[in-house]
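Shown next: coords27.txt, given as compact mmCIF, C-alpha atoms (C1' of nucleotides).
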# COMPACT_ATOMS: atom_id res chain seq x y z
CA MET A 1 -21.08 92.01 -13.82
CA LYS A 2 -17.68 91.00 -12.56
CA SER A 3 -17.47 88.45 -9.76
CA LYS A 4 -15.73 89.19 -6.49
CA MET A 5 -13.04 86.74 -7.54
CA GLU A 6 -12.45 88.46 -10.87
CA ILE A 7 -12.19 91.86 -9.19
CA GLN A 8 -9.63 90.49 -6.76
CA SER A 9 -7.63 88.94 -9.60
CA ILE A 10 -7.54 92.28 -11.43
CA ILE A 11 -6.40 94.05 -8.26
CA GLU A 12 -3.66 91.49 -7.61
CA GLU A 13 -2.36 91.63 -11.17
CA LEU A 14 -2.27 95.43 -11.07
CA LYS A 15 -0.27 95.28 -7.84
CA ARG A 16 2.19 92.93 -9.49
CA LEU A 17 2.53 95.22 -12.53
CA TYR A 18 2.75 98.48 -10.60
CA PRO A 19 3.90 97.74 -7.04
CA ASP A 20 4.32 101.34 -5.98
CA ALA A 21 1.12 102.94 -7.32
CA LEU A 22 3.03 106.19 -7.41
CA CYS A 23 1.43 109.49 -8.28
CA SER A 24 3.30 110.99 -11.23
CA LEU A 25 2.90 114.46 -9.76
CA PRO A 26 5.53 114.41 -7.01
CA TYR A 27 4.82 117.42 -4.81
CA PRO A 28 5.46 117.33 -1.06
CA LYS A 29 3.38 120.40 -0.24
CA PRO A 30 -0.37 119.76 -0.48
CA TYR A 31 -1.07 123.08 -2.21
CA GLU A 32 1.67 122.36 -4.77
CA LEU A 33 0.00 119.05 -5.56
CA LEU A 34 -3.40 120.74 -5.73
CA PHE A 35 -2.25 123.29 -8.30
CA ALA A 36 -0.29 120.69 -10.25
CA VAL A 37 -3.51 118.71 -10.62
CA ARG A 38 -5.34 121.84 -11.75
CA LEU A 39 -2.63 122.37 -14.37
CA ALA A 40 -2.97 118.76 -15.51
CA ALA A 41 -6.44 119.40 -16.97
CA GLN A 42 -6.24 118.29 -20.62
CA CYS A 43 -2.46 118.25 -20.36
CA THR A 44 0.11 115.55 -19.66
CA ASP A 45 1.65 115.29 -16.21
CA GLU A 46 5.00 115.33 -17.94
CA ARG A 47 4.38 118.86 -19.21
CA VAL A 48 3.01 119.98 -15.86
CA ASN A 49 6.22 118.81 -14.22
CA MET A 50 8.17 120.91 -16.74
CA VAL A 51 6.57 124.20 -15.74
CA THR A 52 6.07 123.82 -11.98
CA PRO A 53 9.74 124.12 -10.89
CA ALA A 54 9.99 127.67 -12.22
CA LEU A 55 6.50 128.56 -11.02
CA TYR A 56 7.09 127.36 -7.46
CA ALA A 57 10.54 128.94 -7.40
CA ARG A 58 9.07 132.31 -8.39
CA TYR A 59 6.27 131.91 -5.81
CA PRO A 60 7.75 129.82 -3.00
CA THR A 61 4.79 129.96 -0.61
CA LEU A 62 1.00 129.86 -0.70
CA GLU A 63 0.98 133.49 0.41
CA ALA A 64 3.20 134.45 -2.51
CA LEU A 65 0.81 132.75 -4.93
CA ALA A 66 -2.14 134.49 -3.30
CA GLU A 67 -0.54 137.86 -4.03
CA ALA A 68 0.78 136.94 -7.47
CA ASP A 69 -0.08 138.87 -10.61
CA VAL A 70 -2.36 136.65 -12.68
CA SER A 71 -0.88 137.63 -16.03
CA GLU A 72 2.62 136.85 -14.78
CA VAL A 73 1.44 133.45 -13.58
CA GLU A 74 0.03 132.93 -17.09
CA THR A 75 3.49 133.21 -18.60
CA TYR A 76 4.81 130.43 -16.36
CA ILE A 77 2.02 127.99 -17.15
CA HIS A 78 1.27 128.97 -20.76
CA SER A 79 2.35 125.68 -22.32
CA THR A 80 -0.08 123.62 -20.23
CA GLY A 81 -3.07 125.06 -22.09
CA PHE A 82 -6.21 126.74 -20.69
CA PHE A 83 -3.67 129.11 -19.18
CA ARG A 84 -6.02 132.05 -18.47
CA ALA A 85 -8.51 130.03 -16.49
CA LYS A 86 -5.80 128.04 -14.73
CA ALA A 87 -3.82 131.13 -13.69
CA LYS A 88 -6.93 132.89 -12.42
CA ASP A 89 -8.01 129.79 -10.49
CA ILE A 90 -4.61 129.25 -8.89
CA VAL A 91 -4.34 132.79 -7.55
CA ALA A 92 -7.98 132.86 -6.40
CA ALA A 93 -7.73 129.47 -4.72
CA ALA A 94 -4.49 130.50 -3.01
CA LYS A 95 -6.22 133.63 -1.71
CA MET A 96 -9.14 131.62 -0.41
CA MET A 97 -6.93 129.11 1.39
CA VAL A 98 -4.91 131.91 3.00
CA GLU A 99 -7.94 133.95 4.03
CA GLN A 100 -10.47 131.26 4.90
CA TYR A 101 -8.58 128.04 5.56
CA ASP A 102 -5.63 129.20 7.64
CA GLY A 103 -3.25 128.70 4.74
CA LYS A 104 -4.05 125.00 4.49
CA VAL A 105 -5.61 122.73 1.89
CA PRO A 106 -9.09 121.68 3.11
CA ASP A 107 -9.68 118.01 3.93
CA THR A 108 -13.33 117.58 2.98
CA MET A 109 -14.96 117.24 -0.43
CA GLU A 110 -17.41 120.03 0.35
CA GLU A 111 -14.70 122.58 1.20
CA LEU A 112 -12.36 121.50 -1.61
CA LEU A 113 -15.12 122.00 -4.17
CA LYS A 114 -15.53 125.60 -3.03
CA LEU A 115 -12.01 126.38 -4.24
CA PRO A 116 -11.98 127.88 -7.74
CA GLY A 117 -10.74 125.39 -10.31
CA VAL A 118 -11.12 122.41 -8.01
CA GLY A 119 -13.61 119.82 -9.24
CA ARG A 120 -14.30 116.26 -8.15
CA LYS A 121 -11.20 114.81 -9.76
CA THR A 122 -8.79 117.20 -8.05
CA ALA A 123 -10.69 116.99 -4.76
CA ASN A 124 -10.64 113.19 -4.75
CA LEU A 125 -6.94 113.11 -5.51
CA ILE A 126 -6.22 115.39 -2.54
CA LEU A 127 -8.52 113.40 -0.23
CA GLY A 128 -6.77 110.18 -1.24
CA ASP A 129 -3.12 111.18 -1.54
CA VAL A 130 -2.82 113.90 1.07
CA TYR A 131 -5.39 112.85 3.67
CA HIS A 132 -5.50 109.10 2.97
CA LYS A 133 -9.27 108.85 3.18
CA PRO A 134 -10.67 105.37 2.45
CA GLY A 135 -13.02 104.74 -0.46
CA VAL A 136 -11.62 107.48 -2.66
CA VAL A 137 -12.12 106.98 -6.40
CA VAL A 138 -10.30 109.36 -8.75
CA ALA A 139 -12.33 109.14 -11.94
CA ASP A 140 -9.96 110.73 -14.42
CA THR A 141 -9.71 110.05 -18.14
CA HIS A 142 -7.57 106.90 -17.71
CA CYS A 143 -9.68 105.45 -14.90
CA ILE A 144 -12.91 106.05 -16.79
CA ARG A 145 -11.58 104.56 -20.03
CA ILE A 146 -9.92 101.46 -18.58
CA THR A 147 -12.56 100.49 -16.04
CA GLY A 148 -15.07 100.83 -18.87
CA ARG A 149 -13.05 98.52 -21.09
CA LEU A 150 -12.53 96.03 -18.29
CA GLY A 151 -16.25 95.95 -17.64
CA LEU A 152 -16.03 97.27 -14.09
CA THR A 153 -18.49 100.02 -15.07
CA ASP A 154 -21.39 100.08 -17.50
CA GLY A 155 -19.30 102.18 -19.90
CA THR A 156 -20.59 105.59 -18.81
CA LYS A 157 -18.26 108.57 -19.18
CA ASP A 158 -19.94 110.43 -16.31
CA PRO A 159 -17.26 110.72 -13.60
CA VAL A 160 -19.79 110.69 -10.74
CA LYS A 161 -21.39 107.48 -12.01
CA VAL A 162 -17.96 105.89 -12.49
CA GLU A 163 -17.07 106.84 -8.92
CA GLN A 164 -20.26 105.27 -7.59
CA GLN A 165 -19.96 102.10 -9.64
CA LEU A 166 -16.31 101.55 -8.71
CA ARG A 167 -17.05 102.16 -5.04
CA GLN A 168 -19.52 99.28 -5.25
CA VAL A 169 -16.85 96.79 -6.33
CA LEU A 170 -13.52 98.03 -4.93
CA PRO A 171 -12.48 97.51 -1.30
CA PRO A 172 -12.30 100.99 0.30
CA GLU A 173 -8.68 100.49 1.32
CA GLU A 174 -7.71 99.61 -2.25
CA SER A 175 -9.62 102.12 -4.35
CA ASN A 176 -7.16 105.01 -4.32
CA ASP A 177 -4.12 102.94 -5.27
CA PHE A 178 -6.24 101.14 -7.84
CA CYS A 179 -6.93 104.46 -9.56
CA HIS A 180 -3.24 105.39 -9.60
CA ARG A 181 -2.56 102.06 -11.27
CA MET A 182 -5.23 102.84 -13.86
CA VAL A 183 -3.21 105.91 -14.82
CA LEU A 184 0.04 103.91 -15.05
CA HIS A 185 -1.64 101.18 -17.08
CA GLY A 186 -3.31 103.76 -19.30
CA ARG A 187 0.05 105.19 -20.27
CA ALA A 188 1.97 101.95 -20.64
CA VAL A 189 -0.55 99.50 -22.11
CA CYS A 190 -4.21 100.48 -22.26
CA MET A 191 -3.81 103.65 -24.32
CA ALA A 192 -6.82 105.55 -25.60
CA ARG A 193 -6.11 105.28 -29.32
CA LYS A 194 -4.32 101.96 -29.69
CA PRO A 195 -4.56 99.69 -26.64
CA ASP A 196 -1.78 97.10 -26.61
CA CYS A 197 -4.05 94.14 -25.86
CA PRO A 198 -1.53 91.45 -26.95
CA ASN A 199 0.83 92.62 -24.22
CA CYS A 200 -1.86 93.21 -21.59
CA THR A 201 -1.90 90.74 -18.74
CA LEU A 202 -5.36 91.91 -17.66
CA ARG A 203 -6.82 90.36 -20.79
CA PRO A 204 -8.32 87.29 -19.07
CA TRP A 205 -10.72 89.55 -17.21
CA CYS A 206 -11.21 92.27 -19.82
CA SER A 207 -14.53 92.78 -21.57
CA LEU A 208 -12.91 94.73 -24.42
CA PHE A 209 -10.49 91.92 -25.25
CA THR A 210 -13.17 89.26 -24.87
CA GLN A 211 -15.45 91.11 -27.27
CA SER A 212 -12.71 91.62 -29.86
CA GLN A 213 -11.98 87.88 -29.75
CA GLU A 214 -15.62 86.89 -30.24
CA ALA A 215 -16.02 89.25 -33.20
C1' DA B 1 -7.93 114.45 -36.14
C1' DT B 2 -7.36 112.83 -31.40
C1' DC B 3 -5.69 112.76 -26.84
C1' DC B 4 -3.53 114.51 -22.35
C1' DC B 5 -4.77 112.12 -14.39
C1' DG B 6 -10.75 118.73 -16.02
C1' DA B 7 -13.57 122.52 -14.56
C1' DG B 8 -17.27 125.76 -15.12
C1' DG B 9 -21.20 127.34 -17.16
C1' DG B 10 -25.59 126.94 -19.89
C1' DC C 1 -26.93 116.65 -21.25
C1' DC C 2 -24.17 120.09 -23.99
C1' DC C 3 -20.36 123.60 -24.85
C1' DT C 4 -15.98 126.31 -24.16
C1' DC C 5 -11.39 127.05 -22.59
C1' DT C 6 -5.95 126.19 -24.83
C1' DG C 7 -1.27 124.22 -25.98
C1' DG C 8 1.59 120.42 -27.37
C1' DA C 9 2.41 115.70 -29.00
C1' DT C 10 1.30 111.97 -32.18
Structure rendered as structure tokens:
Amino acid sequence: MKSKMEIQSIIEELKRLYPDALCSLPYPKPYELLFAVRLAAQCTDERVNMVTPALYARYPTLEALAEADVSEVETYIHSTGFFRAKAKDIVAAAKMMVEQYDGKVPDTMEELLKLPGVGRKTANLILGDVYHKPGVVVADTHCIRITGRLGLTDGTKDPVKVEQQLRQVLPPEESNDFCHRMVLHGRAVCMARKPDCPNCTLRPWCSLFTQSQEA
DNA sequence: ATCCCGAGGG
DNA sequence: CCCTCTGGAT
């Protein structure tokens, strides 16, 4: 278990490293962000950001997406992978938001999860970034990996358990930005295959680094 | 062969 | 818990 002091030190160092905690999916419209996150499943944000300009130019409104031809949407998003499921989900979710949610992105976990293609990760990201709810933990691949290495979780890969365990130790007002910084750190330093521990300033508090030193 | 800010179904 | 869906980069 990490002490309160260690947790705070990790948070402070992350703030120093990544002051802005920016989301790398820059979309002003909530539904554009929602679909960008859907497209980001098993795909880099960089690639998502390559296909969305043409997609959102072809379908400039939520209503346009709701009426879009699924196979045409597939051609726009093909390179992001899982393109059949993603295209079907986007059109169906757009329809649902137009017909049942007054053309808006819902602001509760329960309603977000009813949208096709929206799971806990996407829902949490919307709750945090669009609606600024406190205590939001976005347990994506980077967050799960790095918090496991740091020793902030017990090492489980189950996103729900990671959410619960992180909510125990992170201040509610900090948790969302913390998760964004996990993504930034996961790309720059704490990569999945070859983590750059020698250049990682979180090493004093990291279980992974401590273990590798003892061995 | 492994990973990328997953989701749905069995 | 498991599996499948899919393309692109390393």
Distance-based interface of chain C with chain A, 8 Å, counting all atoms listed in the file, as a VMD selection string: chain C and resid 5 to 8
Shell around DA7 of chain B at 8 Å using all atoms listed in the file, local window under 6 positions removed, as a count of residues only: 3
Proximal residues of chain A relative to chain B (only C-alpha atoms (C1' of nucleotides); 9 Å) as an MDAnalysis selection string: chainID A and resid 24 37:38 40:45 116:122 138:143 180 183 192:193
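For Lys15 of chain A, the non-local neighbours within 10 Å, defined as residues at least 5 positions apart in the same chain or in other chains and counting only C-alpha atoms (C1' of nucleotides), are Ser9, Ile10, Asp20, Ala21, Asp177, Phe178 and Arg181 of chain A.
Interatomic distance, atom CA of Leu113 of chain A to atom CA of Pro159 of chain A: 14.9 Å.
Nearest residue to Tyr27 of chain A, choosing from A:Ala66, A:Val130, A:Cys200, A:Asn124 and counting only C-alpha atoms: A:Val130.
Straight-line separation from atom CA of Ile11 of chain A to atom CA of Cys179 of chain A: 10.5 Å.
Each of A:Glu46, A:Glu32, A:Glu6, A:Glu110 was compared to DA9 of chain C using all atoms listed in the file, and A:Glu46 turns out to be the nearest.
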Atom CA of Glu13 of chain A to atom CA of Arg149 of chain A, distance in Å rounded to a single decimal: 16.1 Å
Residues near Asp107 of chain A, cut-off 12 Å, only C-alpha atoms (C1' of nucleotides), skip fewer than 2 positions along chain, as an MDAnalysis selection string: chainID A and resid 30:31 34 97 101 104:105 109:115 123:133
